[in-house]
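*Asks:* The following file, run-v8.cif, comprises mmCIF, C-alpha atoms:
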```
data_protein
#
loop_
_atom_site.label_atom_id
_atom_site.label_comp_id
_atom_site.auth_asym_id
_atom_site.auth_seq_id
_atom_site.Cartn_x
_atom_site.Cartn_y
_atom_site.Cartn_z
CA MET U 1 -52.37 -27.48 -1.67
CA CYS U 2 -49.62 -26.85 0.93
CA ALA U 3 -47.21 -25.85 -1.82
CA LEU U 4 -49.79 -23.43 -3.24
CA VAL U 5 -50.41 -21.85 0.17
CA ALA U 6 -46.65 -21.48 0.73
CA PHE U 7 -46.22 -19.88 -2.70
CA VAL U 8 -49.03 -17.39 -2.09
CA ALA U 9 -47.63 -16.53 1.34
CA THR U 10 -44.18 -15.93 -0.15
CA GLN U 11 -45.56 -13.70 -2.88
CA THR U 12 -47.60 -11.74 -0.35
CA LEU U 13 -44.55 -11.22 1.83
CA ALA U 14 -42.45 -10.08 -1.13
CA SER U 15 -45.10 -7.61 -2.25
CA ALA U 16 -45.36 -6.27 1.31
CA GLN U 17 -41.64 -5.52 1.54
CA GLU U 18 -40.64 -1.90 1.15
CA LYS U 19 -38.68 -1.09 -1.97
CA VAL U 20 -35.26 0.51 -1.52
CA ASP U 21 -32.63 1.73 -3.96
CA VAL U 22 -29.85 -0.37 -2.45
CA ALA U 23 -29.29 -2.87 0.35
CA LEU U 24 -25.83 -1.93 1.60
CA VAL U 25 -23.66 -3.89 4.06
CA LEU U 26 -20.79 -2.04 5.76
CA ALA U 27 -18.17 -4.68 6.65
CA VAL U 28 -15.53 -3.12 8.92
CA ASP U 29 -12.11 -4.60 9.73
CA VAL U 30 -11.19 -4.89 13.44
CA SER U 31 -8.14 -7.16 13.13
CA ARG U 32 -5.25 -6.67 15.56
CA SER U 33 -3.25 -4.65 13.05
CA MET U 34 -5.65 -1.81 13.97
CA SER U 35 -4.73 0.18 17.08
CA PRO U 36 -7.43 1.19 19.62
CA GLU U 37 -7.23 4.78 18.42
CA GLU U 38 -7.60 3.68 14.78
CA LEU U 39 -10.67 1.66 15.73
CA ARG U 40 -12.17 4.76 17.35
CA ILE U 41 -11.35 6.89 14.29
CA GLN U 42 -12.99 4.26 12.12
CA ARG U 43 -16.24 4.26 14.13
CA ARG U 44 -16.40 8.06 14.26
CA GLY U 45 -15.69 8.24 10.53
CA TYR U 46 -18.52 5.88 9.61
CA ALA U 47 -20.92 7.67 11.94
CA ALA U 48 -20.04 11.09 10.52
CA ALA U 49 -20.36 9.84 6.96
CA VAL U 50 -23.75 8.16 7.41
CA ALA U 51 -25.22 11.24 9.11
CA SER U 52 -23.74 13.76 6.67
CA SER U 53 -26.08 15.96 4.69
CA ASP U 54 -24.43 14.85 1.42
CA VAL U 55 -25.21 11.18 2.08
CA VAL U 56 -28.77 11.97 3.17
CA ARG U 57 -29.24 14.03 0.02
CA ALA U 58 -28.00 11.13 -2.13
CA ILE U 59 -30.55 8.86 -0.45
CA GLU U 60 -33.40 11.32 -1.02
CA LEU U 61 -32.51 11.65 -4.71
CA GLY U 62 -32.88 7.91 -5.34
CA ALA U 63 -35.79 6.38 -7.24
CA HIS U 64 -37.35 5.14 -4.00
CA GLY U 65 -35.78 7.74 -1.72
CA LYS U 66 -34.65 5.17 0.84
CA ILE U 67 -31.96 2.55 1.42
CA ALA U 68 -31.45 -0.49 3.65
CA LEU U 69 -28.24 -0.27 5.67
CA MET U 70 -26.46 -2.49 8.20
CA MET U 71 -22.94 -2.66 9.65
CA PHE U 72 -20.81 -5.41 11.17
CA GLU U 73 -17.22 -5.81 12.32
CA TRP U 74 -15.03 -8.71 11.22
CA ALA U 75 -11.56 -10.16 11.78
CA ASN U 76 -10.79 -13.90 11.55
CA ASP U 77 -13.00 -16.40 9.75
CA ASN U 78 -15.00 -17.08 12.93
CA TYR U 79 -15.44 -13.53 14.21
CA VAL U 80 -18.36 -11.32 13.20
CA ARG U 81 -20.03 -8.76 15.44
CA VAL U 82 -23.10 -6.84 14.31
CA THR U 83 -22.79 -3.13 15.06
CA VAL U 84 -26.16 -2.00 13.67
CA ASP U 85 -28.70 -4.42 12.20
CA TRP U 86 -30.74 -3.80 9.05
CA SER U 87 -32.25 -0.31 9.17
CA LEU U 88 -34.35 1.71 6.77
CA ILE U 89 -32.76 5.10 6.04
CA GLU U 90 -34.90 7.68 4.25
CA GLY U 91 -34.10 10.97 5.95
CA PRO U 92 -31.77 12.83 8.31
CA GLU U 93 -33.43 11.49 11.47
CA ASP U 94 -32.92 7.87 10.39
CA ALA U 95 -29.33 8.62 9.42
CA ARG U 96 -28.55 10.29 12.76
CA ASP U 97 -30.12 7.38 14.64
CA PHE U 98 -27.94 4.91 12.71
CA ALA U 99 -24.86 7.03 13.44
CA ASP U 100 -25.72 7.24 17.14
CA ARG U 101 -25.97 3.45 17.33
CA ILE U 102 -22.51 3.13 15.75
CA LEU U 103 -21.06 5.36 18.48
CA LYS U 104 -22.80 3.63 21.39
CA GLN U 105 -20.37 0.70 21.32
CA GLU U 106 -16.61 0.17 21.40
CA SER U 107 -14.63 -1.89 18.90
CA TYR U 108 -12.42 -4.73 20.12
CA SER U 109 -9.63 -6.05 17.92
CA GLN U 110 -9.34 -9.74 17.11
CA ARG U 111 -6.56 -11.83 15.60
CA ARG U 112 -6.19 -12.68 11.90
CA THR U 113 -7.77 -11.20 8.79
CA SER U 114 -10.43 -13.07 6.82
CA ILE U 115 -11.80 -10.89 4.04
CA SER U 116 -13.28 -14.05 2.54
CA GLY U 117 -15.21 -14.71 5.75
CA ALA U 118 -16.49 -11.13 5.79
CA ILE U 119 -17.69 -11.39 2.19
CA LYS U 120 -19.47 -14.71 2.84
CA HIS U 121 -21.21 -13.34 5.93
CA ALA U 122 -22.24 -10.15 4.13
CA ALA U 123 -23.66 -12.18 1.25
CA GLU U 124 -25.72 -14.24 3.70
CA LEU U 125 -27.08 -11.05 5.26
CA LEU U 126 -28.09 -9.76 1.83
CA GLU U 127 -30.01 -12.97 1.16
CA GLU U 128 -32.15 -12.22 4.21
CA VAL U 129 -32.52 -8.45 3.86
CA PRO U 130 -36.13 -7.56 4.82
CA TYR U 131 -36.53 -5.09 1.96
CA GLU U 132 -36.87 -5.35 -1.81
CA ALA U 133 -33.66 -3.76 -3.09
CA ASP U 134 -32.79 -2.74 -6.64
CA ARG U 135 -29.11 -3.43 -5.91
CA HIS U 136 -27.13 -5.45 -3.35
CA VAL U 137 -23.75 -4.00 -2.34
CA ILE U 138 -20.99 -5.00 0.10
CA ASP U 139 -18.76 -2.14 1.26
CA ILE U 140 -15.65 -3.75 2.77
CA SER U 141 -12.76 -1.96 4.48
CA GLY U 142 -9.48 -3.42 5.69
CA ASP U 143 -5.81 -2.68 6.28
CA GLY U 144 -4.25 -5.91 5.04
CA PRO U 145 -4.67 -8.92 2.75
CA ASN U 146 -6.63 -12.06 3.52
CA ASN U 147 -4.68 -14.50 5.72
CA HIS U 148 -7.38 -16.74 7.23
CA GLY U 149 -10.25 -18.83 5.91
CA SER U 150 -10.81 -19.66 2.26
CA PRO U 151 -9.05 -17.74 -0.55
CA VAL U 152 -10.66 -14.34 -0.98
CA THR U 153 -11.18 -14.78 -4.73
CA LEU U 154 -13.43 -17.79 -4.15
CA ALA U 155 -15.72 -15.85 -1.80
CA ARG U 156 -15.71 -12.85 -4.13
CA ASP U 157 -16.63 -14.89 -7.20
CA VAL U 158 -19.53 -16.63 -5.43
CA ALA U 159 -20.92 -13.28 -4.24
CA VAL U 160 -20.54 -11.61 -7.63
CA GLU U 161 -22.20 -14.53 -9.41
CA SER U 162 -25.23 -14.05 -7.16
CA GLY U 163 -25.58 -10.43 -8.34
CA ILE U 164 -23.76 -8.64 -5.52
CA THR U 165 -21.34 -5.76 -6.08
CA ILE U 166 -18.31 -5.58 -3.77
CA ASN U 167 -16.53 -2.24 -3.28
CA GLY U 168 -13.30 -1.73 -1.35
CA LEU U 169 -11.87 0.78 1.09
CA PRO U 170 -8.23 -0.33 1.57
CA LEU U 171 -6.63 1.35 4.59
CA MET U 172 -3.05 1.96 3.48
CA THR U 173 -1.95 3.53 6.76
CA THR U 174 1.22 2.65 8.68
CA GLY U 175 0.57 3.85 12.24
CA GLY U 176 -0.91 0.73 13.83
CA PRO U 177 0.63 -2.55 15.01
CA GLY U 178 1.13 -5.55 12.76
CA SER U 179 3.14 -3.76 10.06
CA GLN U 180 4.64 -7.12 9.05
CA PHE U 181 1.32 -7.88 7.34
CA ASN U 182 1.22 -4.62 5.37
CA ILE U 183 1.65 -4.72 1.60
CA PRO U 184 2.53 -1.54 -0.31
CA ASP U 185 -0.01 -2.12 -3.08
CA LEU U 186 -3.06 -2.94 -0.96
CA ASP U 187 -5.20 -0.84 -3.30
CA VAL U 188 -4.15 -3.04 -6.22
CA TYR U 189 -4.81 -6.15 -4.12
CA TYR U 190 -8.35 -4.93 -3.39
CA HIS U 191 -8.90 -4.13 -7.06
CA ARG U 192 -7.58 -7.45 -8.35
CA CYS U 193 -8.62 -9.84 -5.58
CA VAL U 194 -11.45 -8.41 -3.44
CA THR U 195 -13.83 -6.19 -5.41
CA GLY U 196 -16.14 -7.22 -8.22
CA GLY U 197 -19.57 -6.92 -9.74
CA PRO U 198 -21.26 -4.20 -11.81
CA ALA U 199 -19.41 -0.87 -11.53
CA SER U 200 -17.34 -1.96 -8.53
CA PHE U 201 -14.61 0.42 -7.38
CA VAL U 202 -11.86 1.01 -4.82
CA ILE U 203 -11.16 4.17 -2.78
CA PRO U 204 -7.83 3.92 -0.94
CA VAL U 205 -7.09 5.73 2.34
CA THR U 206 -3.41 6.62 2.88
CA GLU U 207 -3.85 8.81 5.99
CA TRP U 208 -6.44 8.53 8.75
CA ALA U 209 -7.33 12.20 8.28
CA GLN U 210 -8.78 11.18 4.89
CA PHE U 211 -10.99 8.47 6.34
CA PRO U 212 -14.29 10.32 7.06
CA ASP U 213 -14.30 11.99 3.64
CA ALA U 214 -13.39 8.74 1.86
CA VAL U 215 -16.28 6.90 3.56
CA ARG U 216 -18.68 9.75 2.73
CA ARG U 217 -17.67 9.77 -0.96
CA LYS U 218 -17.90 5.99 -1.12
CA LEU U 219 -21.40 5.93 0.37
CA ILE U 220 -22.60 8.59 -2.07
CA LEU U 221 -21.31 6.57 -5.04
CA GLU U 222 -22.86 3.35 -3.73
CA ILE U 223 -26.21 4.93 -2.95
CA GLY U 224 -26.40 6.77 -6.25
CA GLY U 225 -25.36 3.82 -8.39
CA TYR U 226 -21.84 4.55 -9.59
CA VAL U 227 -21.24 4.48 -13.36
CA PRO U 228 -17.62 4.27 -14.61
CA ASP U 229 -16.28 7.16 -16.67
CA LYS U 230 -14.92 4.74 -19.27
CA PRO U 231 -17.11 2.25 -21.16
CA LEU U 232 -16.93 -1.31 -19.88
CA VAL U 233 -15.91 -2.52 -23.36
CA GLN U 234 -13.26 -0.63 -25.35
CA PRO U 235 -12.66 -2.24 -28.77
CA VAL U 236 -9.03 -2.69 -29.92
CA GLN U 237 -7.74 -1.42 -26.56
CA PHE U 238 -7.56 -4.66 -24.59
CA THR U 239 -4.35 -5.17 -22.61
CA LEU U 240 -3.53 -8.29 -20.61
CA GLU U 241 -2.70 -7.46 -16.98
CA GLU U 242 0.25 -9.10 -15.29
CA PRO U 243 -0.80 -11.94 -12.95
CA TYR U 244 -1.34 -10.87 -9.33
CA ASP U 245 -0.79 -13.14 -6.33
CA CYS U 246 -4.07 -13.05 -4.41
CA LEU U 247 -2.60 -15.43 -1.81
CA VAL U 248 0.01 -12.89 -0.70
CA GLY U 249 -1.54 -12.55 2.78
CA GLU U 250 -1.63 -16.29 3.37
CA LYS U 251 2.03 -16.56 2.28
CA ILE U 252 3.12 -13.75 4.63
CA TRP U 253 1.34 -15.50 7.52
CA GLN U 254 2.95 -18.85 6.68
CA GLN U 255 6.40 -17.28 6.41
CA LEU U 256 6.08 -15.53 9.78
CA ARG U 257 4.64 -18.64 11.38
CA GLU U 258 7.64 -20.70 10.26
CA GLN U 259 10.07 -17.96 11.31
CA PHE U 260 8.65 -17.44 14.81
CA PHE U 261 7.05 -20.89 15.39
CA TRP U 262 3.59 -19.38 15.77
CA ASP U 263 0.56 -21.54 16.46
CA PRO U 264 -2.00 -21.89 13.64
#
```
Would you write out, as C-alpha cells, the structure that this file holds?
*Replies:*
Amino acid sequence: MCALVAFVATQTLASAQEKVDVALVLAVDVSRSMSPEELRIQRRGYAAAVASSDVVRAIELGAHGKIALMMFEWANDNYVRVTVDWSLIEGPEDARDFADRILKQESYSQRRTSISGAIKHAAELLEEVPYEADRHVIDISGDGPNNHGSPVTLARDVAVESGITINGLPLMTTGGPGSQFNIPDLDVYYHRCVTGGPASFVIPVTEWAQFPDAVRRKLILEIGGYVPDKPLVQPVQFTLEEPYDCLVGEKIWQQLREQFFWDP
C-alpha cells in the first residue's frame, strides 16, 4: 500500500511539472588562469546573451515556448558556486531578471581546473530539475584542460550515457595569468575529450571581444535544438582520427609540480 501511494504521488508530481523545451545548465570556469577583468567580461557576456532579443525569440519559438535555465561557477573538484538557481524563462521579463541576477554578484577565482567535477555537478542538477524537459544540456566554458579530479572523459561518458548533451565554449585567449596551462588546440581538446551527446558542438572564443556573441549564438543553438549540417552516418567516408591525449592537463600540472616543488 505504501509503495502504491508513493508511486501515485510521484506520478502526480511529474504530471504537475511544467514542460520545457530544454533544461540548460551554464557551467562557467572561474579558475585562477582567469584575470579579474576576464571574470567581469564573462559575467557581462552571459547576462547580455541571456537577455538578448535573439535568445528570447528562440525560446518563444520552441514547442513549449519556455526553458529551464540555471548557472554555476566552477574551478577545482571541490568548488562550485551557484550564480542563479533553476529559473523558468518564457519571455523578455524572465530573461532580464535572470541577467540581472548574474550581474548582482562578483566572481572570485579559485585554484585548479576540474572540468570533470563541473560535468558531474551539472549532471546532478539535471537529475533534480523541477521541470519536465524534452532535452537536458550542459553548456560548459573554460580556458584550459582538466587538471584536477577524475579524468574528464569518465565524467563525460557517464553524463552522455544518461541522455545529457554536453556543449563546449573553449576560451582560447592569452591575456590572463596561468599561461603555462594553456594548450594551443583547446578547441580540439573540448571536441575530443569534453563534449558529447546528440548533436553536441564546440564554439571557440579566441578574443574576449567575441565572447558575448559566441555565448548568444551558442544559447540559440542549444535552445532551438541544433542539428548538424552533415548526416551523423556517412557511408564509405569513415576516417580514423589520430589518438588524442585527454590527460594533457593532468600531465602539465604534474610536470610543473615536479619542476617547482608545488604542493598537491
*Asks:* List as a list of chain:residue names the protein and nucleic acid residues near U:Ser109, meaning an atom at most 6 Å away when only C-alpha atoms are counted, but skip any in the same chain fewer than 6 places from it.
*Replies:*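 Once the adjacent positions are removed, what remains is U:Val30, U:Ser31, U:Arg32.
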*Asks:* Next, write the just-selected residues to a file, as a PDB file, keeping the file's coordinate frame, keeping C-alpha atoms as the atom set.
*Replies:*
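Full text of result.pdb as output:
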```pdb
ATOM      1  CA  VAL U  30     -11.190  -4.890  13.440  1.00  0.00           C
ATOM      2  CA  SER U  31      -8.140  -7.160  13.130  1.00  0.00           C
ATOM      3  CA  ARG U  32      -5.250  -6.670  15.560  1.00  0.00           C
TER       4      ARG U  32
END
```
*Asks:* What's the 6 Å shell around stretch 217-227 of chain U, counting only C-alpha atoms, without same-chain residues fewer than 4 positions away, as a PyMOL selection string?
*Replies:* chain U and resi 55+58+199
*Asks:* In file coordinates, which residues lie within 12 Å of (-20.8, -11.5, 15.4) using all atoms listed in the file, given as a list of chain:residue names?
*Replies:*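 Residues satisfying the cut-off, written out: U:Ala27, U:Val28, U:Val30, U:Met71, U:Phe72, U:Glu73, U:Trp74, U:Ala75, U:Asn76, U:Asp77, U:Asn78, U:Tyr79, U:Val80, U:Arg81, U:Val82, U:Thr83, U:Val84, U:Asp85, U:Ser107, U:Tyr108, U:Gln110, U:Gly117, U:Ala118, U:His121, U:Ala122, U:Leu125.
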*Asks:* Got a sec: who's within 6 Å of U:Ile138, counting all atoms listed in the file, leaving out chain neighbours fewer than 3 positions off, as a list in words?
*Replies:*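 In the requested form, the answer reads Leu24, Val25 and Ile166 of chain U.
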*Asks:* Once the PyMOL selection byres ((chain U and resi 151) around 12) is applied to the coordinates I shared, what remains selected? I want it as a PyMOL selection string.
*Replies:* chain U and resi 77+113-120+145-150+152-158+193-194+245-251
*Asks:* If I take atom CA of U:Asp94 and atom CA of U:Ala51, how far is one from the other in Å, to one decimal?
*Replies:*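 Those two atoms sit 8.5 Å apart.
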*Asks:* Provide an axis-aligned box for all listed atoms of stretch 109-125 of chain U, padding each side by 8 Å; report its centre and its edge lengths in Å to one decimal, as lines of an AutoDock Vina configuration file.
*Replies:*
```
center_x = -16.6
center_y = -10.4
center_z = 9.6
size_x = 36.9
size_y = 24.7
size_z = 32.7
```
*Asks:* Here's the selection I'm unsure about, the PyMOL selection byres ((chain U and resi 65-68) around 9); applied to the file above, which residues does it give, as a PyMOL selection string?
*Replies:* chain U and resi 19-25+58-64+69-70+86-91+129-131+133+223
*Asks:* Quick one, how far is atom CA of U:Arg101 from atom CA of U:Leu126?
*Replies:*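 Pair atom CA of U:Arg101 / atom CA of U:Leu126 returns 20.5 Å.
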*Asks:* If you measure from atom CA of U:Arg96 to atom CA of U:Val205, what distance in Å do you get, rounded to one decimal?
*Replies:*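 Pair atom CA of U:Arg96 / atom CA of U:Val205 returns 24.3 Å.
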*Asks:* Of the residues U:Phe98, U:Thr174, U:Pro243, U:Trp208, which is the one nearest to U:Tyr189, using all atoms listed in the file?
*Replies:*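 Distance minimum relative to U:Tyr189 lands on U:Pro243.
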*Asks:* When distances are computed from only C-alpha atoms, which of U:Ala214, U:Leu169, U:Val202, U:Leu103 shows the smallest separation from U:Arg43?
*Replies:*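 So, comparing all the options, the nearest one is U:Leu103.
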*Asks:* For U:Gln105, which residue among U:Leu26, U:Leu39, U:Leu186, U:Ile252 is the nearest when counting all atoms listed in the file?
*Replies:*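 Among the listed residues, U:Leu39 lies closest to U:Gln105.
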*Asks:* When distances are computed from only C-alpha atoms, which of U:Glu132, U:Asp213, U:Glu242, U:Thr165 shows the smallest separation from U:Arg192?
*Replies:* U:Glu242
*Asks:* Is it possible to add N, CA, C and O atoms to stretch 133-155 of chain U and hand it back as a PDB file, in the frame of the given file?
*Replies:*
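Dumped everything to out.pdb:
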```
ATOM      1  N   ALA U 133     -34.687  -4.711  -2.659  1.00  0.00           N
ATOM      2  CA  ALA U 133     -33.660  -3.760  -3.090  1.00  0.00           C
ATOM      3  C   ALA U 133     -33.364  -3.887  -4.580  1.00  0.00           C
ATOM      4  O   ALA U 133     -33.290  -4.997  -5.119  1.00  0.00           O
ATOM      5  N   ASP U 134     -33.182  -2.741  -5.229  1.00  0.00           N
ATOM      6  CA  ASP U 134     -32.790  -2.740  -6.640  1.00  0.00           C
ATOM      7  C   ASP U 134     -31.369  -3.259  -6.821  1.00  0.00           C
ATOM      8  O   ASP U 134     -31.043  -3.869  -7.835  1.00  0.00           O
ATOM      9  N   ARG U 135     -30.505  -3.002  -5.847  1.00  0.00           N
ATOM     10  CA  ARG U 135     -29.110  -3.430  -5.910  1.00  0.00           C
ATOM     11  C   ARG U 135     -28.662  -3.959  -4.551  1.00  0.00           C
ATOM     12  O   ARG U 135     -29.136  -3.490  -3.521  1.00  0.00           O
ATOM     13  N   HIS U 136     -27.745  -4.923  -4.564  1.00  0.00           N
ATOM     14  CA  HIS U 136     -27.130  -5.450  -3.350  1.00  0.00           C
ATOM     15  C   HIS U 136     -25.635  -5.124  -3.388  1.00  0.00           C
ATOM     16  O   HIS U 136     -24.944  -5.477  -4.345  1.00  0.00           O
ATOM     17  N   VAL U 137     -25.141  -4.468  -2.345  1.00  0.00           N
ATOM     18  CA  VAL U 137     -23.750  -4.000  -2.340  1.00  0.00           C
ATOM     19  C   VAL U 137     -23.087  -4.334  -1.004  1.00  0.00           C
ATOM     20  O   VAL U 137     -23.680  -4.148   0.060  1.00  0.00           O
ATOM     21  N   ILE U 138     -21.837  -4.816  -1.082  1.00  0.00           N
ATOM     22  CA  ILE U 138     -20.990  -5.000   0.100  1.00  0.00           C
ATOM     23  C   ILE U 138     -19.903  -3.944   0.054  1.00  0.00           C
ATOM     24  O   ILE U 138     -19.175  -3.832  -0.936  1.00  0.00           O
ATOM     25  N   ASP U 139     -19.786  -3.181   1.119  1.00  0.00           N
ATOM     26  CA  ASP U 139     -18.760  -2.140   1.260  1.00  0.00           C
ATOM     27  C   ASP U 139     -17.772  -2.651   2.304  1.00  0.00           C
ATOM     28  O   ASP U 139     -18.065  -2.677   3.496  1.00  0.00           O
ATOM     29  N   ILE U 140     -16.587  -3.090   1.859  1.00  0.00           N
ATOM     30  CA  ILE U 140     -15.650  -3.750   2.770  1.00  0.00           C
ATOM     31  C   ILE U 140     -14.380  -2.925   2.926  1.00  0.00           C
ATOM     32  O   ILE U 140     -13.786  -2.490   1.947  1.00  0.00           O
ATOM     33  N   SER U 141     -13.991  -2.688   4.182  1.00  0.00           N
ATOM     34  CA  SER U 141     -12.760  -1.960   4.480  1.00  0.00           C
ATOM     35  C   SER U 141     -11.785  -2.878   5.175  1.00  0.00           C
ATOM     36  O   SER U 141     -12.181  -3.841   5.840  1.00  0.00           O
ATOM     37  N   GLY U 142     -10.486  -2.603   5.029  1.00  0.00           N
ATOM     38  CA  GLY U 142      -9.480  -3.420   5.690  1.00  0.00           C
ATOM     39  C   GLY U 142      -8.095  -2.859   5.473  1.00  0.00           C
ATOM     40  O   GLY U 142      -7.861  -2.113   4.519  1.00  0.00           O
ATOM     41  N   ASP U 143      -7.159  -3.227   6.376  1.00  0.00           N
ATOM     42  CA  ASP U 143      -5.810  -2.680   6.280  1.00  0.00           C
ATOM     43  C   ASP U 143      -4.763  -3.735   5.921  1.00  0.00           C
ATOM     44  O   ASP U 143      -3.563  -3.497   6.071  1.00  0.00           O
ATOM     45  N   GLY U 144      -5.204  -4.894   5.445  1.00  0.00           N
ATOM     46  CA  GLY U 144      -4.250  -5.910   5.040  1.00  0.00           C
ATOM     47  C   GLY U 144      -4.910  -6.972   4.188  1.00  0.00           C
ATOM     48  O   GLY U 144      -6.132  -7.014   4.061  1.00  0.00           O
ATOM     49  N   PRO U 145      -4.115  -7.862   3.597  1.00  0.00           N
ATOM     50  CA  PRO U 145      -4.670  -8.920   2.750  1.00  0.00           C
ATOM     51  C   PRO U 145      -5.250 -10.060   3.555  1.00  0.00           C
ATOM     52  O   PRO U 145      -4.999 -10.196   4.756  1.00  0.00           O
ATOM     53  N   ASN U 146      -6.026 -10.884   2.900  1.00  0.00           N
ATOM     54  CA  ASN U 146      -6.630 -12.060   3.520  1.00  0.00           C
ATOM     55  C   ASN U 146      -5.529 -13.012   3.999  1.00  0.00           C
ATOM     56  O   ASN U 146      -4.589 -13.308   3.271  1.00  0.00           O
ATOM     57  N   ASN U 147      -5.635 -13.495   5.258  1.00  0.00           N
ATOM     58  CA  ASN U 147      -4.680 -14.500   5.720  1.00  0.00           C
ATOM     59  C   ASN U 147      -5.339 -15.602   6.550  1.00  0.00           C
ATOM     60  O   ASN U 147      -4.654 -16.345   7.261  1.00  0.00           O
ATOM     61  N   HIS U 148      -6.670 -15.713   6.462  1.00  0.00           N
ATOM     62  CA  HIS U 148      -7.380 -16.740   7.230  1.00  0.00           C
ATOM     63  C   HIS U 148      -8.643 -17.123   6.473  1.00  0.00           C
ATOM     64  O   HIS U 148      -9.241 -16.310   5.783  1.00  0.00           O
ATOM     65  N   GLY U 149      -9.049 -18.374   6.610  1.00  0.00           N
ATOM     66  CA  GLY U 149     -10.250 -18.830   5.910  1.00  0.00           C
ATOM     67  C   GLY U 149      -9.936 -19.200   4.468  1.00  0.00           C
ATOM     68  O   GLY U 149      -8.788 -19.390   4.076  1.00  0.00           O
ATOM     69  N   SER U 150     -10.978 -19.281   3.663  1.00  0.00           N
ATOM     70  CA  SER U 150     -10.810 -19.660   2.260  1.00  0.00           C
ATOM     71  C   SER U 150     -10.178 -18.524   1.460  1.00  0.00           C
ATOM     72  O   SER U 150     -10.191 -17.366   1.899  1.00  0.00           O
ATOM     73  N   PRO U 151      -9.607 -18.809   0.292  1.00  0.00           N
ATOM     74  CA  PRO U 151      -9.050 -17.740  -0.550  1.00  0.00           C
ATOM     75  C   PRO U 151     -10.111 -16.688  -0.859  1.00  0.00           C
ATOM     76  O   PRO U 151     -11.268 -17.010  -1.118  1.00  0.00           O
ATOM     77  N   VAL U 152      -9.694 -15.433  -0.834  1.00  0.00           N
ATOM     78  CA  VAL U 152     -10.660 -14.340  -0.980  1.00  0.00           C
ATOM     79  C   VAL U 152     -11.319 -14.352  -2.350  1.00  0.00           C
ATOM     80  O   VAL U 152     -12.493 -13.975  -2.489  1.00  0.00           O
ATOM     81  N   THR U 153     -10.596 -14.789  -3.381  1.00  0.00           N
ATOM     82  CA  THR U 153     -11.180 -14.780  -4.730  1.00  0.00           C
ATOM     83  C   THR U 153     -12.352 -15.738  -4.852  1.00  0.00           C
ATOM     84  O   THR U 153     -13.284 -15.477  -5.625  1.00  0.00           O
ATOM     85  N   LEU U 154     -12.316 -16.844  -4.101  1.00  0.00           N
ATOM     86  CA  LEU U 154     -13.430 -17.790  -4.150  1.00  0.00           C
ATOM     87  C   LEU U 154     -14.700 -17.161  -3.583  1.00  0.00           C
ATOM     88  O   LEU U 154     -15.785 -17.265  -4.171  1.00  0.00           O
ATOM     89  N   ALA U 155     -14.564 -16.502  -2.416  1.00  0.00           N
ATOM     90  CA  ALA U 155     -15.720 -15.850  -1.800  1.00  0.00           C
ATOM     91  C   ALA U 155     -16.232 -14.712  -2.680  1.00  0.00           C
ATOM     92  O   ALA U 155     -17.446 -14.529  -2.841  1.00  0.00           O
TER      93      ALA U 155
END
```
